[in-house]
Amino acid sequence: MIYKRSSALFAAAQKVIPGGVNSPVRAFKAVGGDPIFVTEAKGAYLYDEDGNRLIDYINSWGPMILGHAYPPVVNAVIDKAKKGTSFGMPTEIETQIAELAVSMVPNVDKIRFVNSGTEACMSAVRLARGYTGKDKIIKFSGCYHGHSDSFLIQAGSGAVTFGSPNSPGVTKGTAQDTLLARYNDLDHVERIIMSNKEEVSCIIIEPIAGNMGCIPPVKGFLEGLRSLCDSHDILLIFDEVMTGFRLAKGGAQELTGVNADIVTFGKVIGGGLPVGAFAARSEIMDHLAPLGPVYQAGTLSGNPLAMAAGLTMLVELNNTPEVFKSLADKTEYLHHGIANALDEHNITYTINRIGSMISVHFAENAVVDFDTAAKGNNDTFKKFFHGMLNNGVYIAPSAFETWFITEALTYEDLDETIAAVQKVAKTL
Ligand SMILES: *Cc1c(COP(=O)(O)O)cnc(C)c1O
């Protein structure tokens, strides 16, 4: 395939946008080469500036669970836009989407809408701190909760239990309040809590991790976190920005049966427009301004276009819950197809999968946390990525990402994808 026009557009973009992109992972730094510029997308396909058609396994990093340019969502946005695009005043549709979201998600009474997953997680942590009166948070290495300061933290060195900034601009003071734990390692979490007694406000976790590839929790891990939180007066925050309205109507809480105290959303909840949200029991949510003292706000929060897209998406998912099973079936079919193709060519790999999330790791070991994910062979991944691209299949340009399956994919699309893997496997 030819990417001439994309490369020219990328050159122009780099002159006026840092790195040519508005979010770093789009830049292909992990795999090499120039990013592809999209002109439009429909259903399961992307169409780029050079006239190529690509089968899309990113789907805007998750939101397009029913496919690109899904007609009911597009129509809802057009209708709303004609009536004005923002008011900074309450609108009925905000209550409608709130009622529906709260009815779909277990264990929450109230929800507040923001503009991104980052904002949702940042606000959830502030709320947890305000509610408990404690400052520290526990997060897991390899889990992503957006780009706010408290989350851009890496494991500290030696005997210290607190983290250190992993981006310039994040202060040491902020880093000292974030404690880093190993995913799927309950003992580690317990040790951290014990050495920071009465100081930990919340544990924030991707209940099914998706930002180091797809990593499901081992048996008992989330249940163990729940009981540690209960014993130590700590709030459990499930970051369901990726898993919410994807793995089930009620997200990972429903799938795992473990209740969180605060849940954050993004991606699917906005139907492809910029939306995030966080939700909890009334007792917790009522600490937010204007009812309570914890401040949180947004000029464009609850924006009518965004709410129209989000509400339409949630209505569709709520009315056709069989879509979650169908997505999981397609993902399983893809899993077996990819596994067979890689086996035929004696490639070393590990595939992780749950529901409509799947990741292919070129690693021998089981991938259960950040360290084991990092052991994957990145050179093989790069070849795999570019090979798939040349065969018309677009997967995330980084080995640490989940593939997002969309209901718009047909079994013919999946077969075409598997055929591409068969061709590419020969070259790995
Ligand atoms: C994408 C993501 C975020 C950040 O959401 P943005 O809308 O990009 O700010 C937070 N948490 C998880 C689990 C995510 O996958």
# chains A, B, ... in the order shown; residues from 1 in each chain; ligands from 1
>>> select_by_dssp(residues="segment 12-190 of chain A", states="helix (DSSP H, G or I)", output="VMD selection string")
chain A and resid 12 to 16 18 to 20 24 to 27 71 to 81 92 to 104 117 to 132 149 to 151 172 to 176 186 to 190
>>> residues_near_ligand(ligand="ligand 1", cutoff="7 Å", atoms="only C-alpha atoms and all ligand atoms", output="ChimeraX atom specification")
/A:116-119,121,143-147,206,210-211,239-242,266-267,276
>>> write_last_selection(atoms="N, CA and C atoms", output="PDB file, in the first residue's frame")
ATOM      1  N   SER A 116     -13.507  14.113  29.235  1.00  0.00           N
ATOM      2  CA  SER A 116     -12.530  13.083  28.846  1.00  0.00           C
ATOM      3  C   SER A 116     -12.364  12.093  29.988  1.00  0.00           C
ATOM      4  N   GLY A 117     -11.743  10.963  29.661  1.00  0.00           N
ATOM      5  CA  GLY A 117     -11.424   9.973  30.687  1.00  0.00           C
ATOM      6  C   GLY A 117     -10.429  10.527  31.694  1.00  0.00           C
ATOM      7  N   THR A 118      -9.501  11.326  31.218  1.00  0.00           N
ATOM      8  CA  THR A 118      -8.525  11.957  32.111  1.00  0.00           C
ATOM      9  C   THR A 118      -9.227  12.764  33.191  1.00  0.00           C
ATOM     10  N   GLU A 119     -10.156  13.614  32.755  1.00  0.00           N
ATOM     11  CA  GLU A 119     -10.890  14.449  33.709  1.00  0.00           C
ATOM     12  C   GLU A 119     -11.681  13.594  34.692  1.00  0.00           C
ATOM     13  N   CYS A 121     -11.038  10.548  35.788  1.00  0.00           N
ATOM     14  CA  CYS A 121     -10.173   9.894  36.788  1.00  0.00           C
ATOM     15  C   CYS A 121      -9.590  10.911  37.762  1.00  0.00           C
ATOM     16  N   CYS A 143      -1.113   0.470  34.484  1.00  0.00           N
ATOM     17  CA  CYS A 143      -2.487   0.958  34.306  1.00  0.00           C
ATOM     18  C   CYS A 143      -2.428   2.422  33.907  1.00  0.00           C
ATOM     19  N   TYR A 144      -3.306   2.830  32.999  1.00  0.00           N
ATOM     20  CA  TYR A 144      -3.357   4.213  32.534  1.00  0.00           C
ATOM     21  C   TYR A 144      -4.665   4.837  32.981  1.00  0.00           C
ATOM     22  N   HIS A 145      -4.550   6.019  33.564  1.00  0.00           N
ATOM     23  CA  HIS A 145      -5.758   6.713  34.006  1.00  0.00           C
ATOM     24  C   HIS A 145      -5.807   8.127  33.449  1.00  0.00           C
ATOM     25  N   GLY A 146      -5.213   8.322  32.283  1.00  0.00           N
ATOM     26  CA  GLY A 146      -5.165   9.653  31.698  1.00  0.00           C
ATOM     27  C   GLY A 146      -3.884  10.356  32.091  1.00  0.00           C
ATOM     28  N   HIS A 147      -3.776  11.613  31.663  1.00  0.00           N
ATOM     29  CA  HIS A 147      -2.473  12.280  31.774  1.00  0.00           C
ATOM     30  C   HIS A 147      -2.415  13.312  32.891  1.00  0.00           C
ATOM     31  N   GLU A 206      -7.609  -0.291  36.680  1.00  0.00           N
ATOM     32  CA  GLU A 206      -8.365  -0.788  35.538  1.00  0.00           C
ATOM     33  C   GLU A 206      -8.745  -2.217  35.928  1.00  0.00           C
ATOM     34  N   GLY A 210      -6.210  -2.672  30.205  1.00  0.00           N
ATOM     35  CA  GLY A 210      -6.189  -2.619  28.749  1.00  0.00           C
ATOM     36  C   GLY A 210      -5.078  -1.753  28.197  1.00  0.00           C
ATOM     37  N   ASN A 211      -4.293  -1.174  29.078  1.00  0.00           N
ATOM     38  CA  ASN A 211      -3.269  -0.238  28.617  1.00  0.00           C
ATOM     39  C   ASN A 211      -1.849  -0.785  28.743  1.00  0.00           C
ATOM     40  N   ASP A 239     -11.518   2.217  37.209  1.00  0.00           N
ATOM     41  CA  ASP A 239     -11.413   3.027  36.003  1.00  0.00           C
ATOM     42  C   ASP A 239     -11.962   2.189  34.851  1.00  0.00           C
ATOM     43  N   GLU A 240     -13.215   2.467  34.521  1.00  0.00           N
ATOM     44  CA  GLU A 240     -13.882   1.723  33.443  1.00  0.00           C
ATOM     45  C   GLU A 240     -13.987   2.574  32.175  1.00  0.00           C
ATOM     46  N   VAL A 241     -13.017   3.465  31.989  1.00  0.00           N
ATOM     47  CA  VAL A 241     -13.009   4.279  30.774  1.00  0.00           C
ATOM     48  C   VAL A 241     -12.971   3.371  29.538  1.00  0.00           C
ATOM     49  N   MET A 242     -12.223   2.271  29.635  1.00  0.00           N
ATOM     50  CA  MET A 242     -12.147   1.339  28.512  1.00  0.00           C
ATOM     51  C   MET A 242     -13.217   0.243  28.594  1.00  0.00           C
ATOM     52  N   GLY A 266     -15.436   6.812  30.021  1.00  0.00           N
ATOM     53  CA  GLY A 266     -14.990   7.619  28.889  1.00  0.00           C
ATOM     54  C   GLY A 266     -15.282   6.794  27.652  1.00  0.00           C
ATOM     55  N   LYS A 267     -14.631   7.084  26.543  1.00  0.00           N
ATOM     56  CA  LYS A 267     -14.731   6.247  25.351  1.00  0.00           C
ATOM     57  C   LYS A 267     -16.184   5.901  24.973  1.00  0.00           C
ATOM     58  N   GLY A 276     -16.482  12.115  29.294  1.00  0.00           N
ATOM     59  CA  GLY A 276     -16.068  11.243  30.381  1.00  0.00           C
ATOM     60  C   GLY A 276     -17.126  11.382  31.458  1.00  0.00           C
TER      61      GLY A 276
END
>>> residues_around(residues="segment 1-14 of chain A", least_positions_apart="6", cutoff="7 Å", atoms="only C-alpha atoms", output="ChimeraX atom specification")
/A:20,34,36-37,49-50,390
>>> residues_around(residues="Ile111 of chain A", least_positions_apart="3", cutoff="9 Å", atoms="only C-alpha atoms", output="PyMOL selection string")
chain A and resi 98-99+101-102+108+277-281+285
>>> closest_atom_pairs(of="segment 319-427 of chain A", to="segment 25-29 of chain A", cutoff="9 Å", atoms="only C-alpha atoms", output="Markdown table")
| residue | atom | partner | partner_atom | distance |
| --- | --- | --- | --- | --- |
| A:Ala396 | CA | A:Val25 | CA | 8.6 |
| A:Pro397 | CA | A:Phe28 | CA | 5.6 |
| A:Ser398 | CA | A:Val25 | CA | 7.6 |
>>> write_last_selection(atoms="N, CA, C and O atoms", output="mmCIF file, in the first residue's frame")
data_model
loop_
_atom_site.group_PDB
_atom_site.id
_atom_site.type_symbol
_atom_site.label_atom_id
_atom_site.label_comp_id
_atom_site.auth_asym_id
_atom_site.auth_seq_id
_atom_site.Cartn_x
_atom_site.Cartn_y
_atom_site.Cartn_z
ATOM 1 N N ALA A 396 -3.338 -1.209 16.761
ATOM 2 C CA ALA A 396 -2.711 -0.104 17.499
ATOM 3 C C ALA A 396 -1.204 -0.107 17.256
ATOM 4 O O ALA A 396 -0.579 -1.172 17.266
ATOM 5 N N PRO A 397 -0.614 1.081 17.052
ATOM 6 C CA PRO A 397 0.815 1.169 16.765
ATOM 7 C C PRO A 397 1.684 1.080 18.018
ATOM 8 O O PRO A 397 2.614 1.859 18.186
ATOM 9 N N SER A 398 1.390 0.133 18.889
ATOM 10 C CA SER A 398 2.179 -0.083 20.097
ATOM 11 C C SER A 398 1.827 -1.461 20.633
ATOM 12 O O SER A 398 0.664 -1.885 20.577
#
>>> atom_distance(atom1="atom CA of Asn107 of chain A", atom2="atom CA of Gln253 of chain A")
8.7 Å
>>> residues_around(residues="Glu407 of chain A", least_positions_apart="2", cutoff="6 Å", atoms="only C-alpha atoms", output="NGL selection string")
:A and (66 or 327 or 409)
>>> closest_residue(among="A:Tyr131, A:Pro304, A:Gly376, A:Gly244", to="Gln96 of chain A", atoms="only C-alpha atoms")
A:Pro304
